[in-house]
Every structure is written in structure tokens, then in C-alpha cells.
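Undergrad: The structure under discussion is supplied below as C-alpha cells; questions concerning it will follow.
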Protein chains: 4
Amino acid sequence: MEQKGDLKFPVIAVNNADTKHFFDNRYGTGQSTIDGILRATNVLLAGKNFVVSGYGWCGRGIAMRARGMGANVIVTEISPLKALEAVMDGFSVLPLSDAAKIGDIFITATGNKNVLSEKHFKSMKDGAIMANAGHFNVEINIPALNKLAKKVRNVRGMVTEYTLKSGKKLYMLAEGRLVNLVAAEGHPPTVMDMSFANQTLCTQYIIKKGKELEPKVYDVPRDIDEMVARLKLASMNIRIDTLTAEQKKYIADWTAGT
Amino acid sequence: MEQKGDLKFPVIAVNNADTKHFFDNRYGTGQSTIDGILRATNVLLAGKNFVVSGYGWCGRGIAMRARGMGANVIVTEISPLKALEAVMDGFSVLPLSDAAKIGDIFITATGNKNVLSEKHFKSMKDGAIMANAGHFNVEINIPALNKLAKKVRNVRGMVTEYTLKSGKKLYMLAEGRLVNLVAAEGHPPTVMDMSFANQTLCTQYIIKKGKELEPKVYDVPRDIDEMVARLKLASMNIRIDTLTAEQKKYIADWTAGT
Amino acid sequence: MEQKGDLKFPVIAVNNADTKHFFDNRYGTGQSTIDGILRATNVLLAGKNFVVSGYGWCGRGIAMRARGMGANVIVTEISPLKALEAVMDGFSVLPLSDAAKIGDIFITATGNKNVLSEKHFKSMKDGAIMANAGHFNVEINIPALNKLAKKVRNVRGMVTEYTLKSGKKLYMLAEGRLVNLVAAEGHPPTVMDMSFANQTLCTQYIIKKGKELEPKVYDVPRDIDEMVARLKLASMNIRIDTLTAEQKKYIADWTAGT
Amino acid sequence: MEQKGDLKFPVIAVNNADTKHFFDNRYGTGQSTIDGILRATNVLLAGKNFVVSGYGWCGRGIAMRARGMGANVIVTEISPLKALEAVMDGFSVLPLSDAAKIGDIFITATGNKNVLSEKHFKSMKDGAIMANAGHFNVEINIPALNKLAKKVRNVRGMVTEYTLKSGKKLYMLAEGRLVNLVAAEGHPPTVMDMSFANQTLCTQYIIKKGKELEPKVYDVPRDIDEMVARLKLASMNIRIDTLTAEQKKYIADWTAGT
């Protein structure tokens, strides 16, 4: 909207705060997606081929936790940078069309549409499970799946079974909506608290300073982001270090240390 | 019973099969205990001090999965061998009376009674959560907790809040019964299948051979244990290697290779 | 320098390229620091209290790999944001003065000076090992250590033993210089290749475009960063996905998907 | 030998002590094998396909540490039980002939011969690295490799380059001998100390009791094993719990708790 000149007022992108996307998107979504899958299916994750599409903050949180539960995690990406990071983190990286053939569980976390689509459904194994953790219910192409199916029925609270014309059965969780919100309880409060604190403090900031700001998208002021982190640590009884006067001087002075 | 001469018939200790305790107790209990805690509380595990009492097969499954979810895991033990293994696996090992002061979540998996008791309740932090994953509801000394409490109330399906006379609040999950059975759905079928296969095959075995056996406790015959593993791998489409004739000879002959 | 107006020409901060700091600083320094410690000491890392000061890209690489080798990792920080991230990653976070009492091995990776200093040396355990992986040999206050020592001797290639007046012995690796460069071989070529590719391509870029640029510090152009990642993946035979036309349109259009 | 009646005197299998094979074979070999590979090659482990043949105590130590360094670990096995355990631990399990095609680094830890042989060499990728961590220099079939090679030369201290007739280059570390002993320094003293303690205490035991024992292979007496663990913990300042009188009684009495 900013690029197109459609923005009429200043906006603070709270989602980009370090205390938001580092925590809520990664640790929150990571845990709650696993939680959603378990509540929906009670499937054993250990030993499963667990395919995560998208290695953004949500995707890496999910990949990290799926591995932590003993799954063999496969990542698919469109960004070479993120793909390379996934490789270096020890995950298998494959094109989705290859991953489709071996995956037991598929999670989309891309922010895009039709990530899992007709050609993938056709090559999946009998019994494969799909869920979305990234966005609206467009990441998995449900209309295409419906077309391939000869029978669709609900087999367990959050699990829909699609019997394809070939006889193969595929399972969709939470109708392709956000599995962590629909099948579990969303992020735990102890991670959302930081997101809410950012929203409150940024609203306060924009009330005070809004008049002076142009209609652009701004980052969360660093002071606010740090204050949220500081309060959070204090609530957990965790103490950290502070720079000495000598260290403050050293770090600011580019003529030192060379 | 065998030692006391109380055993009247031969018994096969199915729980000791490798395809039972390596899998069901470790991977099954590991996942389902995490699942039970999440369903009961929706608490964020990342960054929590997570105390596991007992580093047997269940305990190590729980410790491994709690770490996999981002918790800082502390193990308590009475066996020096198991304690040392926990240390080498990178966990903190502490006496329970020390762990009691810093834990956010406590899980018992010892097979013994009164593991968490009055002195621990007294030194726990406000808000600490307790659950049992090992045995009957005797691992946590609930009568002692009731005596310390001035108020007991249910605050969420599987969560009982104990307000101590000091005003501190402690939370008990699933009334101290097996949290993975009560608050979640127990082990996933894909791990129980191996336990059931062992039970079936051992029953069959004892029907055939029972008359010839003395009234003792027997291990699961190795052939049965291996057959269960072989069938399980086949069901997952996983193929493994076989020894060549040359290798079979080599491995059996102690005069070779030295 | 830019802030003080001391910069006379445009600079591209190659160190900030994603294909540099995500990889070289994290995966390179992570592995080579472990390598340096092992070559210098042959100490078993499993079960050790391993203190990492600084949770920047280098520090988190070191922490991740130390945990991967079975150590119990403790992080110290001055930034609340980084401290909180370390907590959520499952590490213990302590003030350095507390960590000093329990650490077996200490690694500095802060970019600052006198991080480990007199008060820490005094409270360390007999036999504690120190090394620097972050910066020049100023992160550990060696003059202060010399003052406390009654005897200093080399006990093994890269290991200096300081016997304090109390009789306690502390060990310094590589004279406090970068332990991964001095005691091991620095980063593996397969991670440095990306840093060198960035340097070459940015030099080429600045030759072409330098005249048009102001004397400021610029980020590596995104195209160059992505090209480096793309070539690296190709060299590893790893293929990734590309957006469909439909997906490109979807992701660019803020009116869709709401 | 016992089975063939060739044993002339009682033997205590010190290698089977819990404080030996749980620690020395797993944590010792795990670390020192990684150490040997790094000293020999300085190769980046993150993102590499790292094939471990054999998932015994050594193999699982190596697999665990290779994953800890960021590698994508593939396990090969002949035992269905061990293969299944590797799967549940989140590793890929493949027949060696499939793993041969994708591996970057191959480690044998089987105790058998010709594990890596002609057919594997032929399907390996250009640049593949091989080492042995399990046994004598027979696990990798070096005579077969020599037959395939048109040129053999030493390219770096512990690295031999085999140029096959096809032009492909394969690399052998430490001439196929134990890479952790030859290219690194073997197990760290802090893990060998337990093995030596077992050997000393068992020798003492057999001097005292040897006359009463038949010429069989005996396990290390449990008391000795536990004493070694207890002393080791004490040397690390780690305290553990002890059973209360009530708990001792409970655990011994099969009539309780049911």
C-alpha cells in the first residue's frame, strides 16, 4: 500500500518487532502447530517424514519443533537464501514435487496460495496428512482436492478424509485453516504477552507522535522493543549483564581495537 | 514374586521387549506427556525450567521431547548410572530439593511414591505446575499437598489450583494421575501397535510352549522381538541391509580380525 | 565513521550480507570454535558447563554446536532481546558473575573488551578453560590475569596454565586470540566461499556504480546476495521451488487474501 | 570362545559395563570421530549428507554428534531393532547402496568387514569422504578400492585421494584405520577414566574371587559399575537423590501400588 501511495496515515509494523516475529511467530507458532496436529490426530511424530513449506519465522519454528519431537524434517522453499539456511540447519531441502512423494505430514507456512495443489495430491502416499499454519485457508488448494475426491467425510473432530478416485486417502486438518488456532488454542499467553505489549506501547507512541509522522510504514521504535524484552526477562526472574563505562566507550569508538 | 516363590506360572515380561520399552515407553510416553501438558495448560514450553524426576525409558523420552520443545531440562535421579547418562546427554542434574526452587514444570516418572512431597511444595515458585507420567497417582504426595493448602479449586479442565497458606499457588494436572492418559489420548496407535504385536505373539508362544516352561519371568524371545521390528519397518516402507555370507562368517568367528 | 562524517568513499558492508553473517559467522565460527577447543585440549564436551558470552551470530553458532556436542550451555548477554532469544532457545541465561562460578569452559564472542576480567577469574573453578572466538585478544583481560598469577607456563601447544596465588589453576587457549583461527584452521572453505563470492561481486559492483554513490555504508545488493545463495545450492545439487505466475501476483497484491 | 569351550579362565567383559559402553563408546567415540574428521579435512559438517553405518553404541554416538554439528544424518543397519530406533530418533534409514549415491561423508562403525565395498565406491559422488570408526581397517574394503583406482596419492596428512578410472575422486581418512585414534587423540581422558576404573576394580575382583569362578564370560559386578558412576559424579560436583526408607520398601514390594 505504501508503494502504491494508498496509505493514508502512519503505520507501525508491530509484526516486525523483534519481540514479535522472533518470539510469537517462531516459538509460538512452532509449539502451537505441533499442538494442533497432535490434538487433531494423535499421530506419533517420531520417525515421520514431516514436510514444512516455507522457512520464514513460522516455518523455522515448526521445523525446529517437529525435529524436537523426533520427526525427519524436509523443508521446501522458493528463496535460495532461506533454502540454504535450512540446509545448514541440517534439514533436507527438496522441491515440493519430490517431497510430496515421501511426506507423511505436510505443513504450509508460506503466506502464499495453492502451495499444495493438484500435482502434489496426486503423488502423495496413501494416508498423508496436510495442514496449514501460515495464512488463510488458501495455501492448500482445497477446491482442487475436492475435484480429485470421490468421497469426503469427517473422521474425527478436526480431520477430513478425502478418498481420491484412485482409492488413496488423504487427510486434511482444520479444513485447511490455521491448524494452531483451530485445532489447538493458538499461541500460549506467555508469548502473546510480548505482542500485546508492543501493540499497546506502539499505539501510545502513535497517539503522542502521530501528527509528526508521514503516511509510511515504520518499524517499532527500538526503545519499545527493548523495553518489552527487558520486562519479559524480569517477569521470568532472569538477570543479564550491563556494559561497563569502559565497554560503552570501546564499542562506540571505531578508532579503538584496530 | 518370582524371588519370593509366589509365581505359579511362567510369565513373559513383554514390557522388557526392545520393541516395547525402547519405543512405547520412550517415544510414546515422551510425546504423549508433552501432549498432555499442552492440552491441559497451553503453557509455552520454550524457555521454561522443566524438571523430570527419573531418567528411565519414560523419563528420558520426556526429557528429550521437552528439550525438543525448547525447555531448559533438569533431571533428578537416585541411580548414579542414570544420573551420569543424563549429565552426558547435556541435561542439568540436581537433587530434587534444589530443582524444586527453580522449576516451572515438574514431571515425575520414577515408579516410586511421594517423589514430590511436602518439602518440595514448600520451596516451589508461585505458579509451578506438577504432573505425573510414570505410575499411579502416588508419585506426587497429594495428601501432603492438601494439608498445606488453604484453598483447592479446579481452574481449567485438567488443572487443579492449590493455594497454600502462604498465598503461593501451585497447579496439579490430571489429579496426579498419568497425564498422558488422562489429559491427552495416551500413546499414539503407531507406537502401541508394536506393544500389542508383542503381546499377541508372546501369548501364542506361551500357548505352544507354556507346558515346558518353569514358573519364572522370561524375556520376550529374540525372534519375536525382531519380527515385530521387521514388520514395523516394512509398514513404513523402510528397507535395511542384510549380512553377506562373508560377513556372517566374520562376525561369528573370534579367531578372525585379531 | 559514517556518523562522524569521517567516511570518504562509499562502502558495502559485506559482513552484513545474509550469505555472510548467517553462514560464515554462525555455521563457520560455530564449528571452527569447537574444533579449536578440541585440538587445543582434547577435553570431553559432553556434560560440561559451557559458557558463551555474547549471543550474536557467532555466539549462537557456538552455543548451538556446543549443545550439539552434549554440553550444558549457559549464555551471558547485555541485550535483553538477545538474552530472551537465548532463553527461548532453551539455554540457561545468567549474569557472567554467576556463570563464572559454575563454568568449565568459557568462550567470549562479544566484540567488546575485558568481558572476562579480574572478578570472574577470582570466582572460577579450579581447572576452568577460557578462549576467545569473537574479536581481538582483548575480550579476556589477560593483563589482569597475569597480575593474579604467581606462575604462568605453557602446558600443551595452545594451552597456557595460570596458577593463581590461591593455588587455583586456570587455562587460556591460544593466548586469548581467536581460538578458531589459531588452534584450528579457521572457517572451512565451503563456508568461506560465499563470503569471498560476496566480496568479489561487491567489488565489481562498486567499480561499476561507485561514482554514483555517496560516501555512506551500503548493504550488499539483494541481487548479489541471492545469486551467491543460488550458486551455492547448485554446487550442492540442491533444487528448490519457484513461484508460479499466480503466486507472484498474489504475493504482490495487498488487496488479495483479506 | 565360551560357546566353543575354548575359554580356559573366567573373564569379566569390562566393555559391557554400563560405565564403559554407555560412555566411552557413545560419548567418547562420538566426539573423537567428529574431531578426527575435522582435523583430517577441515570440512564443514553443516548441511552435509553424513552416512553412519551401524547404530550400535559407537554409531549412535557418532550420529548424535554429527547431527549436533548440523549434518543431515543417514543411518544404515542390518538389525531391524536398531534400524527402527534410528528412525524414531529422527534419522533417515536407507540401504547402504542407496545412501552411497547421496552421501558426502561415510563412517563405518559396525565391527564387521567390507561394509563399504566395490559397488558402493562405484555409485558414490565425486569428492565423497570415507572413514572408519568401529574396528580394524577391514570395514572399508581398501583392496577393492585400490583395484578401482588409477591413481592414489596423499593430499593432506591423513587424507588419501583415490582417482578412479572414471575420473571420480574419493577420499579415505587415516588409511581406513580408526579415525578417532589416528587423526585425533582418541577418547578424552575424562571419559576413559571410567573405563580404566572398571578395568582396575575388575582385576582386583578377579584376583580375590577368580578361584571360585568357572571359565565363563561374566558381566561387571553391578556394585563396581555403580561405584564408578558415583565417584565420577562426585568428581564433577554433581549431587543426586537417595531413596527414603518408605520408597525403598515400596519399590521392593510387589503387593504395593496395585
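Going through the C-alpha cells in order, the chains are called A, B, and so on, while each chain numbers its residues from 1 and the ligands are numbered from 1 in the order shown.
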If we count only C-alpha atoms and set the cut-off at 7 Å, which residues sit around Met194 in chain D, ignoring sequence neighbours fewer than 4 positions away in its own chain? Please answer as a list in words.
TA: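 So the residues in contact are Thr19, Lys20, Asn198 and Val228 of chain D.
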Undergrad: For chain C, which residues have at least one atom within 12 Å of chain B, if we go by only C-alpha atoms? Write them as a list of chain:residue names, please.
TA: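 Taken together, these residues fit the definition: C:Leu44, C:Leu45, C:Ala46, C:Gly47, C:Lys48, C:Asn49, C:Phe50, C:Ala66, C:Arg67, C:Gly68, C:Met69, C:Gly70, C:Ala71, C:Asn72, C:Val73, C:Ile74, C:Ala83, C:Leu84, C:Glu85, C:Ala86, C:Val87, C:Met88, C:Asp89, C:Gly90, C:Phe91, C:Ser92, C:Val93, C:Ile102.
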Undergrad: For Met130 in chain A, please output as an MDAnalysis selection string all residues within 6 Å (counting only C-alpha atoms; exclusion window: fewer than 3 positions along the same chain).
TA: chainID A and resid 105:106 172
Undergrad: So how far away is CA of Gly103 in chain C from CA of Gly30 in chain C, in Å?
TA: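 CA of Gly103 in chain C lies at a distance of 18.8 Å from CA of Gly30 in chain C.
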Undergrad: Which is closer to Gln199 in chain B than all the others in B:Val14, B:Ala245, B:Met236, B:Ala131, using only C-alpha atoms?
TA: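 Smallest distance to Gln199 in chain B is found for B:Val14.
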Undergrad: So that I can check the surroundings of Lys113 in chain C, please list as number ranges by chain every protein, DNA and RNA residue that reaches within 10 Å of it, counting only C-alpha atoms and ignoring chain neighbours fewer than 6 positions away.
TA: A: 244, 246-248, 250-251, 257; C: 135-141
Undergrad: Check the DSSP output for the backbone and give back, as a ChimeraX atom specification, the residues of range 27-252 of chain B in alpha helix (DSSP H).
TA: /B:29-41,57-68,80-88,96-102,118-123,142-148,179-182,189-209,222-235,245-252
Undergrad: What is the distance between CA of Ile107 in chain C and CA of Val51 in chain C, in Å to one decimal?
TA: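 Between CA of Ile107 in chain C and CA of Val51 in chain C the gap is 6.2 Å.
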